[in-house]
$ cat structure26.cif   # mmCIF, C-alpha atoms, pLDDT in the B column; chains and numbers go by the auth columns
data_structure
loop_
_atom_site.group_PDB
_atom_site.id
_atom_site.type_symbol
_atom_site.label_atom_id
_atom_site.label_comp_id
_atom_site.label_asym_id
_atom_site.label_seq_id
_atom_site.Cartn_x
_atom_site.Cartn_y
_atom_site.Cartn_z
_atom_site.B_iso_or_equiv
_atom_site.auth_seq_id
_atom_site.auth_asym_id
ATOM 1 C CA MET A 1 0.000 0.000 0.000 36.00 100 A
ATOM 2 C CA PRO A 2 1.620 3.256 -1.031 41.00 101 A
ATOM 3 C CA MET A 3 1.940 6.107 1.409 42.00 102 A
ATOM 4 C CA LEU A 4 -0.273 8.856 0.122 44.00 103 A
ATOM 5 C CA PRO A 5 -0.229 12.449 1.246 45.00 104 A
ATOM 6 C CA ASN A 6 -3.328 14.025 2.704 41.00 105 A
ATOM 7 C CA SER A 7 -4.937 17.039 1.143 39.00 106 A
ATOM 8 C CA SER A 8 -2.624 19.428 2.939 37.00 107 A
ATOM 9 C CA GLY A 9 0.368 17.480 1.738 39.00 108 A
ATOM 10 C CA ASP A 10 1.896 17.280 5.173 35.00 109 A
ATOM 11 C CA GLY A 11 1.187 13.744 6.224 43.00 110 A
ATOM 12 C CA ASP A 12 0.071 10.237 5.420 71.00 111 A
ATOM 13 C CA GLY A 13 -3.318 10.633 3.756 81.00 112 A
ATOM 14 C CA ILE A 14 -4.064 6.965 3.356 83.00 113 A
ATOM 15 C CA GLY A 15 -3.068 6.423 6.977 87.00 114 A
ATOM 16 C CA THR A 16 -5.677 8.976 7.969 89.00 115 A
ATOM 17 C CA VAL A 17 -8.320 7.238 5.864 91.00 116 A
ATOM 18 C CA ARG A 18 -7.336 3.869 7.337 91.00 117 A
ATOM 19 C CA ARG A 19 -7.659 5.222 10.873 92.00 118 A
ATOM 20 C CA GLN A 20 -11.088 6.644 10.014 93.00 119 A
ATOM 21 C CA PHE A 21 -12.067 3.203 8.786 94.00 120 A
ATOM 22 C CA ALA A 22 -10.767 1.605 11.997 95.00 121 A
ATOM 23 C CA VAL A 23 -12.497 4.106 14.271 94.00 122 A
ATOM 24 C CA GLY A 24 -15.744 3.596 12.361 95.00 123 A
ATOM 25 C CA LEU A 25 -15.683 -0.161 12.796 96.00 124 A
ATOM 26 C CA ALA A 26 -17.429 0.063 16.182 95.00 125 A
ATOM 27 C CA ALA A 27 -20.390 1.810 14.568 96.00 126 A
ATOM 28 C CA ARG A 28 -20.488 -0.827 11.828 96.00 127 A
ATOM 29 C CA ILE A 29 -20.622 -3.575 14.451 97.00 128 A
ATOM 30 C CA VAL A 30 -23.450 -1.805 16.295 96.00 129 A
ATOM 31 C CA ALA A 31 -25.391 -1.457 13.043 96.00 130 A
ATOM 32 C CA LEU A 32 -24.837 -5.102 12.139 97.00 131 A
ATOM 33 C CA ARG A 33 -25.926 -6.213 15.605 96.00 132 A
ATOM 34 C CA GLU A 34 -29.096 -4.114 15.394 96.00 133 A
ATOM 35 C CA ASP A 35 -29.849 -5.515 11.958 94.00 134 A
ATOM 36 C CA LEU A 36 -29.256 -9.071 13.146 95.00 135 A
ATOM 37 C CA GLU A 37 -31.653 -8.508 16.032 95.00 136 A
ATOM 38 C CA ALA A 38 -34.182 -7.157 13.562 93.00 137 A
ATOM 39 C CA VAL A 39 -33.687 -10.208 11.341 92.00 138 A
ATOM 40 C CA SER A 40 -34.163 -12.435 14.371 91.00 139 A
ATOM 41 C CA ARG A 41 -37.389 -10.673 15.404 90.00 140 A
ATOM 42 C CA CYS A 42 -38.798 -10.073 11.956 83.00 141 A
ATOM 43 C CA PRO A 43 -37.007 -11.964 9.194 75.00 142 A
ATOM 44 C CA ASP A 44 -38.585 -10.074 6.336 84.00 143 A
ATOM 45 C CA ASP A 45 -36.716 -9.449 3.108 85.00 144 A
ATOM 46 C CA TYR A 46 -35.950 -5.825 3.985 87.00 145 A
ATOM 47 C CA HIS A 47 -34.084 -6.674 7.190 89.00 146 A
ATOM 48 C CA ARG A 48 -32.326 -9.671 5.681 92.00 147 A
ATOM 49 C CA HIS A 49 -31.129 -7.646 2.717 91.00 148 A
ATOM 50 C CA ASP A 50 -30.031 -4.777 4.927 92.00 149 A
ATOM 51 C CA PHE A 51 -27.929 -7.109 7.062 94.00 150 A
ATOM 52 C CA PHE A 52 -26.433 -8.746 3.976 94.00 151 A
ATOM 53 C CA ARG A 53 -25.594 -5.387 2.403 93.00 152 A
ATOM 54 C CA LYS A 54 -23.841 -4.110 5.526 94.00 153 A
ATOM 55 C CA ALA A 55 -21.886 -7.333 5.992 95.00 154 A
ATOM 56 C CA HIS A 56 -20.912 -7.267 2.327 93.00 155 A
ATOM 57 C CA SER A 57 -19.887 -3.616 2.608 93.00 156 A
ATOM 58 C CA LEU A 58 -17.659 -4.390 5.581 95.00 157 A
ATOM 59 C CA LYS A 59 -16.138 -7.313 3.685 93.00 158 A
ATOM 60 C CA GLY A 60 -15.317 -5.076 0.732 92.00 159 A
ATOM 61 C CA ALA A 61 -13.863 -2.338 2.911 93.00 160 A
ATOM 62 C CA ALA A 62 -11.800 -4.770 4.983 94.00 161 A
ATOM 63 C CA ALA A 63 -10.389 -6.278 1.808 92.00 162 A
ATOM 64 C CA CYS A 64 -9.499 -2.893 0.305 91.00 163 A
ATOM 65 C CA PHE A 65 -7.849 -1.739 3.517 91.00 164 A
ATOM 66 C CA ARG A 66 -5.991 -5.059 3.690 90.00 165 A
ATOM 67 C CA ALA A 67 -7.490 -5.683 7.142 92.00 166 A
ATOM 68 C CA ASP A 68 -7.072 -9.422 6.792 90.00 167 A
ATOM 69 C CA VAL A 69 -7.877 -10.129 10.446 88.00 168 A
ATOM 70 C CA LEU A 70 -11.395 -8.821 9.869 94.00 169 A
ATOM 71 C CA LEU A 71 -11.910 -10.345 6.474 92.00 170 A
ATOM 72 C CA SER A 72 -12.564 -13.953 7.469 92.00 171 A
ATOM 73 C CA HIS A 73 -15.348 -12.990 9.896 93.00 172 A
ATOM 74 C CA ALA A 74 -16.861 -10.503 7.449 93.00 173 A
ATOM 75 C CA ASN A 75 -16.729 -13.212 4.777 93.00 174 A
ATOM 76 C CA ARG A 76 -18.557 -15.723 6.956 93.00 175 A
ATOM 77 C CA LEU A 77 -21.227 -13.178 7.897 95.00 176 A
ATOM 78 C CA THR A 78 -21.701 -12.276 4.249 93.00 177 A
ATOM 79 C CA ASP A 79 -21.966 -15.913 3.211 92.00 178 A
ATOM 80 C CA LEU A 80 -24.507 -16.594 5.949 92.00 179 A
ATOM 81 C CA ALA A 81 -26.583 -13.553 5.068 92.00 180 A
ATOM 82 C CA ARG A 82 -26.434 -14.267 1.347 90.00 181 A
ATOM 83 C CA GLY A 83 -28.367 -17.443 2.024 88.00 182 A
ATOM 84 C CA TRP A 84 -31.083 -15.417 3.724 90.00 183 A
ATOM 85 C CA VAL A 85 -31.581 -13.005 0.862 88.00 184 A
ATOM 86 C CA GLY A 86 -34.261 -13.957 -1.575 73.00 185 A
ATOM 87 C CA GLY A 87 -36.291 -16.424 0.381 71.00 186 A
ATOM 88 C CA THR A 88 -34.863 -18.696 3.034 77.00 187 A
ATOM 89 C CA SER A 89 -35.534 -17.527 6.581 83.00 188 A
ATOM 90 C CA PRO A 90 -32.605 -17.873 8.965 90.00 189 A
ATOM 91 C CA THR A 91 -32.762 -20.668 11.495 91.00 190 A
ATOM 92 C CA HIS A 92 -32.103 -20.109 15.200 92.00 191 A
ATOM 93 C CA ASP A 93 -28.782 -21.920 14.779 94.00 192 A
ATOM 94 C CA GLN A 94 -27.767 -19.602 11.948 92.00 193 A
ATOM 95 C CA ILE A 95 -28.669 -16.538 14.010 94.00 194 A
ATOM 96 C CA ALA A 96 -26.552 -17.909 16.847 95.00 195 A
ATOM 97 C CA VAL A 97 -23.632 -18.492 14.463 95.00 196 A
ATOM 98 C CA ALA A 98 -23.947 -14.942 13.169 95.00 197 A
ATOM 99 C CA GLN A 99 -24.017 -13.567 16.719 96.00 198 A
ATOM 100 C CA THR A 100 -20.831 -15.479 17.523 95.00 199 A
ATOM 101 C CA GLU A 101 -19.164 -14.218 14.358 94.00 200 A
ATOM 102 C CA LEU A 102 -20.144 -10.675 15.294 96.00 201 A
ATOM 103 C CA GLN A 103 -18.645 -11.087 18.768 96.00 202 A
ATOM 104 C CA GLN A 104 -15.386 -12.351 17.285 95.00 203 A
ATOM 105 C CA LEU A 105 -15.425 -9.629 14.673 95.00 204 A
ATOM 106 C CA GLU A 106 -15.877 -7.012 17.383 95.00 205 A
ATOM 107 C CA LEU A 107 -12.811 -8.312 19.223 95.00 206 A
ATOM 108 C CA GLU A 108 -10.758 -8.292 16.025 95.00 207 A
ATOM 109 C CA CYS A 109 -11.920 -4.752 15.264 95.00 208 A
ATOM 110 C CA GLU A 110 -10.711 -3.615 18.693 94.00 209 A
ATOM 111 C CA ARG A 111 -7.361 -5.329 18.096 93.00 210 A
ATOM 112 C CA TYR A 112 -7.105 -3.798 14.629 93.00 211 A
ATOM 113 C CA LEU A 113 -7.783 -0.305 15.955 93.00 212 A
ATOM 114 C CA GLY A 114 -5.304 -0.903 18.770 92.00 213 A
ATOM 115 C CA SER A 115 -2.634 -1.993 16.310 90.00 214 A
ATOM 116 C CA LEU A 116 -3.087 1.184 14.259 87.00 215 A
ATOM 117 C CA GLU A 117 -3.007 3.380 17.329 83.00 216 A
ATOM 118 C CA ALA A 118 0.163 1.643 18.502 84.00 217 A
ATOM 119 C CA SER A 119 1.914 2.157 15.181 77.00 218 A
ATOM 120 C CA PRO A 120 3.836 5.390 14.634 68.00 219 A
ATOM 121 C CA MET B 1 -1.212 8.649 -17.085 59.00 418 B
ATOM 122 C CA GLU B 2 -3.656 11.383 -18.044 58.00 419 B
ATOM 123 C CA THR B 3 -3.722 13.944 -15.274 68.00 420 B
ATOM 124 C CA ASP B 4 -6.713 15.865 -16.603 86.00 421 B
ATOM 125 C CA PHE B 5 -8.948 12.814 -16.349 93.00 422 B
ATOM 126 C CA ARG B 6 -12.152 13.463 -14.438 96.00 423 B
ATOM 127 C CA VAL B 7 -14.048 10.728 -12.659 97.00 424 B
ATOM 128 C CA VAL B 8 -17.283 10.585 -10.733 98.00 425 B
ATOM 129 C CA LEU B 9 -17.118 7.892 -8.061 98.00 426 B
ATOM 130 C CA ILE B 10 -20.444 6.639 -6.716 98.00 427 B
ATOM 131 C CA GLU B 11 -19.863 4.544 -3.603 96.00 428 B
ATOM 132 C CA ASP B 12 -22.047 4.354 -0.504 95.00 429 B
ATOM 133 C CA ASP B 13 -19.318 3.210 1.880 95.00 430 B
ATOM 134 C CA PRO B 14 -17.669 6.395 3.228 94.00 431 B
ATOM 135 C CA ASP B 15 -14.352 4.721 4.014 94.00 432 B
ATOM 136 C CA LEU B 16 -14.030 3.165 0.577 94.00 433 B
ATOM 137 C CA ARG B 17 -15.116 6.403 -1.033 95.00 434 B
ATOM 138 C CA ALA B 18 -12.300 8.232 0.721 94.00 435 B
ATOM 139 C CA LEU B 19 -9.762 5.489 -0.012 94.00 436 B
ATOM 140 C CA ILE B 20 -10.520 5.300 -3.729 94.00 437 B
ATOM 141 C CA LYS B 21 -10.647 9.064 -4.124 95.00 438 B
ATOM 142 C CA ILE B 22 -7.294 9.675 -2.445 93.00 439 B
ATOM 143 C CA THR B 23 -5.727 6.738 -4.289 92.00 440 B
ATOM 144 C CA LEU B 24 -6.793 7.991 -7.726 93.00 441 B
ATOM 145 C CA GLU B 25 -5.924 11.585 -6.949 92.00 442 B
ATOM 146 C CA TYR B 26 -2.476 10.733 -5.657 89.00 443 B
ATOM 147 C CA THR B 27 -1.413 7.957 -8.003 88.00 444 B
ATOM 148 C CA SER B 28 -2.718 9.611 -11.159 90.00 445 B
ATOM 149 C CA GLY B 29 -3.602 13.197 -10.415 92.00 446 B
ATOM 150 C CA TRP B 30 -7.171 12.644 -11.521 94.00 447 B
ATOM 151 C CA GLU B 31 -10.001 14.913 -10.480 96.00 448 B
ATOM 152 C CA VAL B 32 -12.365 12.714 -8.505 97.00 449 B
ATOM 153 C CA THR B 33 -15.850 13.836 -7.530 98.00 450 B
ATOM 154 C CA THR B 34 -17.661 11.560 -5.114 98.00 451 B
ATOM 155 C CA ALA B 35 -21.300 10.766 -4.547 98.00 452 B
ATOM 156 C CA GLU B 36 -22.746 8.699 -1.729 97.00 453 B
ATOM 157 C CA ASP B 37 -25.701 7.212 -3.544 97.00 454 B
ATOM 158 C CA GLY B 38 -27.236 6.682 -6.954 97.00 455 B
ATOM 159 C CA PRO B 39 -29.409 9.820 -7.160 98.00 456 B
ATOM 160 C CA CYS B 40 -26.559 12.102 -6.066 98.00 457 B
ATOM 161 C CA GLY B 41 -24.244 10.315 -8.489 98.00 458 B
ATOM 162 C CA LEU B 42 -26.614 10.742 -11.413 98.00 459 B
ATOM 163 C CA GLN B 43 -26.863 14.441 -10.692 98.00 460 B
ATOM 164 C CA ALA B 44 -23.073 14.778 -10.455 98.00 461 B
ATOM 165 C CA VAL B 45 -22.550 12.950 -13.742 98.00 462 B
ATOM 166 C CA LYS B 46 -25.138 15.063 -15.567 98.00 463 B
ATOM 167 C CA THR B 47 -23.582 18.240 -14.230 97.00 464 B
ATOM 168 C CA LEU B 48 -19.907 17.395 -14.698 97.00 465 B
ATOM 169 C CA LEU B 49 -19.986 15.078 -17.733 97.00 466 B
ATOM 170 C CA PRO B 50 -16.813 13.330 -16.546 97.00 467 B
ATOM 171 C CA ASP B 51 -14.449 11.122 -18.547 96.00 468 B
ATOM 172 C CA ALA B 52 -15.563 8.028 -16.643 97.00 469 B
ATOM 173 C CA VAL B 53 -17.920 6.926 -13.897 98.00 470 B
ATOM 174 C CA VAL B 54 -16.962 4.345 -11.301 97.00 471 B
ATOM 175 C CA VAL B 55 -20.038 3.009 -9.539 97.00 472 B
ATOM 176 C CA ASP B 56 -20.440 0.536 -6.730 96.00 473 B
ATOM 177 C CA LEU B 57 -22.785 -2.320 -7.538 94.00 474 B
ATOM 178 C CA MET B 58 -24.427 -2.877 -4.170 92.00 475 B
ATOM 179 C CA MET B 59 -25.900 0.295 -2.734 93.00 476 B
ATOM 180 C CA PRO B 60 -29.092 0.879 -0.779 91.00 477 B
ATOM 181 C CA GLY B 61 -31.969 2.217 -2.819 92.00 478 B
ATOM 182 C CA MET B 62 -30.677 2.575 -6.355 96.00 479 B
ATOM 183 C CA ASP B 63 -28.036 -0.058 -7.091 94.00 480 B
ATOM 184 C CA GLY B 64 -25.170 0.191 -9.549 96.00 481 B
ATOM 185 C CA TYR B 65 -27.039 -1.562 -12.343 96.00 482 B
ATOM 186 C CA GLU B 66 -29.861 0.984 -12.156 97.00 483 B
ATOM 187 C CA VAL B 67 -27.417 3.898 -12.087 98.00 484 B
ATOM 188 C CA CYS B 68 -25.757 2.543 -15.226 97.00 485 B
ATOM 189 C CA ARG B 69 -29.099 1.928 -16.920 97.00 486 B
ATOM 190 C CA ARG B 70 -30.191 5.525 -16.342 98.00 487 B
ATOM 191 C CA LEU B 71 -26.877 6.974 -17.511 97.00 488 B
ATOM 192 C CA LYS B 72 -26.936 4.912 -20.699 96.00 489 B
ATOM 193 C CA HIS B 73 -30.533 5.926 -21.406 96.00 490 B
ATOM 194 C CA ASP B 74 -29.715 9.623 -21.109 97.00 491 B
ATOM 195 C CA SER B 75 -28.330 10.964 -24.382 96.00 492 B
ATOM 196 C CA ALA B 76 -26.243 13.502 -22.475 97.00 493 B
ATOM 197 C CA THR B 77 -24.386 10.800 -20.524 97.00 494 B
ATOM 198 C CA ALA B 78 -24.676 7.688 -22.709 96.00 495 B
ATOM 199 C CA HIS B 79 -21.168 8.147 -24.142 95.00 496 B
ATOM 200 C CA ILE B 80 -19.420 8.135 -20.756 96.00 497 B
ATOM 201 C CA PRO B 81 -17.613 4.853 -19.939 96.00 498 B
ATOM 202 C CA LEU B 82 -19.006 3.144 -16.856 97.00 499 B
ATOM 203 C CA VAL B 83 -16.974 0.925 -14.547 96.00 500 B
ATOM 204 C CA LEU B 84 -18.763 -1.247 -12.024 95.00 501 B
ATOM 205 C CA LEU B 85 -17.043 -1.701 -8.670 94.00 502 B
ATOM 206 C CA THR B 86 -17.847 -4.818 -6.682 91.00 503 B
ATOM 207 C CA ALA B 87 -16.571 -7.439 -4.269 84.00 504 B
ATOM 208 C CA ARG B 88 -19.043 -9.966 -5.667 78.00 505 B
ATOM 209 C CA ARG B 89 -17.660 -12.771 -7.732 75.00 506 B
ATOM 210 C CA GLU B 90 -20.951 -13.962 -9.173 77.00 507 B
ATOM 211 C CA LEU B 91 -22.076 -11.294 -11.613 84.00 508 B
ATOM 212 C CA ASP B 92 -24.838 -11.059 -14.160 86.00 509 B
ATOM 213 C CA GLU B 93 -22.628 -10.926 -17.255 89.00 510 B
ATOM 214 C CA ASP B 94 -25.584 -10.671 -19.625 91.00 511 B
ATOM 215 C CA ARG B 95 -26.933 -7.682 -17.754 92.00 512 B
ATOM 216 C CA ILE B 96 -23.518 -6.034 -17.646 93.00 513 B
ATOM 217 C CA HIS B 97 -23.157 -6.479 -21.397 92.00 514 B
ATOM 218 C CA ALA B 98 -26.695 -5.322 -22.137 93.00 515 B
ATOM 219 C CA LEU B 99 -26.193 -2.158 -20.088 93.00 516 B
ATOM 220 C CA GLY B 100 -23.068 -1.262 -22.029 92.00 517 B
ATOM 221 C CA ILE B 101 -20.873 -1.240 -18.939 94.00 518 B
ATOM 222 C CA ALA B 102 -17.219 -0.857 -19.924 94.00 519 B
ATOM 223 C CA GLY B 103 -15.974 -3.297 -17.319 93.00 520 B
ATOM 224 C CA VAL B 104 -15.898 -4.513 -13.755 94.00 521 B
ATOM 225 C CA LEU B 105 -13.319 -3.537 -11.179 94.00 522 B
ATOM 226 C CA ALA B 106 -13.017 -6.103 -8.420 91.00 523 B
ATOM 227 C CA LYS B 107 -12.571 -5.267 -4.763 88.00 524 B
ATOM 228 C CA PRO B 108 -10.020 -5.424 -3.331 90.00 525 B
ATOM 229 C CA PHE B 109 -8.180 -3.305 -5.846 87.00 526 B
ATOM 230 C CA ASP B 110 -4.453 -2.772 -6.133 85.00 527 B
ATOM 231 C CA PRO B 111 -3.859 0.922 -5.339 82.00 528 B
ATOM 232 C CA ASP B 112 -0.847 1.022 -7.617 82.00 529 B
ATOM 233 C CA ARG B 113 -2.850 -0.307 -10.569 89.00 530 B
ATOM 234 C CA VAL B 114 -6.407 0.861 -10.040 92.00 531 B
ATOM 235 C CA ALA B 115 -6.134 3.942 -12.252 93.00 532 B
ATOM 236 C CA ALA B 116 -4.543 1.949 -15.075 92.00 533 B
ATOM 237 C CA GLN B 117 -7.242 -0.699 -14.706 94.00 534 B
ATOM 238 C CA ILE B 118 -9.974 1.916 -15.014 95.00 535 B
ATOM 239 C CA LEU B 119 -8.342 3.302 -18.148 93.00 536 B
ATOM 240 C CA GLU B 120 -7.987 -0.205 -19.573 93.00 537 B
ATOM 241 C CA LEU B 121 -11.646 -0.957 -18.904 93.00 538 B
ATOM 242 C CA CYS B 122 -12.616 2.310 -20.557 90.00 539 B
ATOM 243 C CA GLY B 123 -10.605 1.280 -23.579 83.00 540 B
ATOM 244 C CA GLY B 124 -7.965 3.881 -22.877 51.00 541 B
ATOM 245 C CA GLN B 125 -10.360 6.423 -24.257 47.00 542 B
ATOM 246 C CA ASN B 126 -11.031 9.797 -22.753 52.00 543 B
ATOM 247 C CA ALA B 127 -14.764 10.193 -23.262 53.00 544 B
ATOM 248 C CA ASN B 128 -14.408 13.957 -23.621 53.00 545 B
ATOM 249 C CA ALA B 129 -11.328 13.933 -25.813 46.00 546 B
ATOM 250 C CA PRO B 130 -11.798 15.674 -29.149 40.00 547 B
ATOM 251 C CA GLU B 131 -11.980 13.314 -32.103 43.00 548 B
ATOM 252 C CA GLN B 132 -8.826 13.090 -34.198 36.00 549 B
#
$ encode --input "structure26.cif" --output "structure tokens"
Amino acid sequence: MPMLPNSSGDGDGIGTVRRQFAVGLAARIVALREDLEAVSRCPDDYHRHDFFRKAHSLKGAAACFRADVLLSHANRLTDLARGWVGGTSPTHDQIAVAQTELQQLELECERYLGSLEASP
Amino acid sequence: METDFRVVLIEDDPDLRALIKITLEYTSGWEVTTAEDGPCGLQAVKTLLPDAVVVDLMMPGMDGYEVCRRLKHDSATAHIPLVLLTARRELDEDRIHALGIAGVLAKPFDPDRVAAQILELCGGQNANAPEQ
């Protein structure tokens, strides 16, 4: 990943963008958790698609930021949710798997943010 | 690399929007205008008439396919090359072809190559370049 200047030309622009991504991960997790709860309560197509889209968005962002530690969990969430889009209602077991993945993803997000904050 | 190339980037994810914009601006000196959703992107394209449009496939509300369909059905924007941005591997090739999309850029992209890839997908053509 090249080091890119920020708009003022006095720093590491891509580093700033990466830190914004890392800081925003907590909000993504909250949104995913709320959507998963909504899917659990009311597994209509709107909620299922919303959860899938957010998981897929996180997967794409994690891949582009080379946040490999997040990618495997985001991948599994996306794969799970893809199966729910377009018809099949999630089972209780699948919801439980997704909740576990979200918990693990949250831990990895905290580690990822910590690693960026610890780096110079 | 053409430094006067102008792109409209339509991407709902704010982090990716910022990453792609800064990557294209820095690696190639392009002028990148961003839009956070399909309707805003359509307006930006109609106003700016850029050299290319890079549009995310999966967005809430109006998705990338619909954005491309509307741009290709508007005589003012139909000539502008469209590049679809997606992390999906299973794509509707027939639909992509029918919509006249120049190509698909896969996420994750290589920041050192993404500008060249966009130019390749657009056929190396500047949509606003005067005809020889």
$ atom_distance --input "structure26.cif" --atom1 "CA of Arg132 in chain A" --atom2 "CA of Gly186 in chain A"
21.1 Å
$ atom_distance --input "structure26.cif" --atom1 "CA of Lys153 in chain A" --atom2 "CA of His191 in chain A"
20.4 Å
$ atom_distance --input "structure26.cif" --atom1 "CA of Leu441 in chain B" --atom2 "CA of Ile128 in chain A"
28.6 Å
$ resolve_selection --input "structure26.cif" --expression "the PyMOL selection byres ((chain B and resi 498-507) around 8)" --output "number ranges by chain"
A: 155, 158-159; B: 468-475, 481, 485, 496-497, 508-509, 517-525, 535, 538-539, 544
$ resolve_selection --input "structure26.cif" --expression "the PyMOL selection byres ((chain A) within 6 of (chain B))" --output "PDB file with C-alpha atoms, in the frame of the given file"
ATOM      1  CA  PHE A 120     -12.067   3.203   8.786  1.00 94.00           C
ATOM      2  CA  GLY A 159     -15.317  -5.076   0.732  1.00 92.00           C
ATOM      3  CA  ALA A 160     -13.863  -2.338   2.911  1.00 93.00           C
ATOM      4  CA  ALA A 162     -10.389  -6.278   1.808  1.00 92.00           C
ATOM      5  CA  CYS A 163      -9.499  -2.893   0.305  1.00 91.00           C
TER       6      CYS A 163
END
$ resolve_selection --input "structure26.cif" --expression "the PyMOL selection byres ((chain B and resi 426) around 8)" --output "PyMOL selection string"
chain B and resi 424-425+427-428+434+438+449-452+458+470-472
$ residues_around --input "structure26.cif" --residues "Leu488 in chain B" --least-positions-apart "5" --cutoff "8 Å" --atoms "all atoms listed in the file" --output "list in words"
Leu459, Thr494 and Ala495 of chain B
$ axis_aligned_box --input "structure26.cif" --around "range 137-140 of chain A" --padding-each-side "8 Å" --output "AutoDock Vina command-line options"
--center_x -35.5 --center_y -9.8 --center_z 13.4 --size_x 19.7 --size_y 21.3 --size_z 20.1
$ residues_around --input "structure26.cif" --residues "range 147-151 of chain A" --least-positions-apart "3" --cutoff "9 Å" --atoms "all atoms listed in the file" --output "ChimeraX atom specification"
/A:130-135,137-138,142-144,154-156,176-181,183-185,188-189 /B:477
$ closest_residue --input "structure26.cif" --among "A:Gly114, A:Ala173, A:Ile194, A:Glu207" --to "Leu157 in chain A" --atoms "all atoms listed in the file"
A:Ala173
$ residues_around --input "structure26.cif" --residues "Thr199 in chain A" --least-positions-apart "6" --cutoff "10 Å" --atoms "all atoms listed in the file" --output "list in words"
His172, Leu176, Gln193 and Glu205 of chain A
$ write_last_selection --input "structure26.cif" --atoms "C-alpha atoms" --output "compact mmCIF listing (two decimals), in the coordinates of the input"
# COMPACT_ATOMS: atom_id res chain seq x y z
CA HIS A 172 -15.35 -12.99 9.90
CA LEU A 176 -21.23 -13.18 7.90
CA GLN A 193 -27.77 -19.60 11.95
CA GLU A 205 -15.88 -7.01 17.38
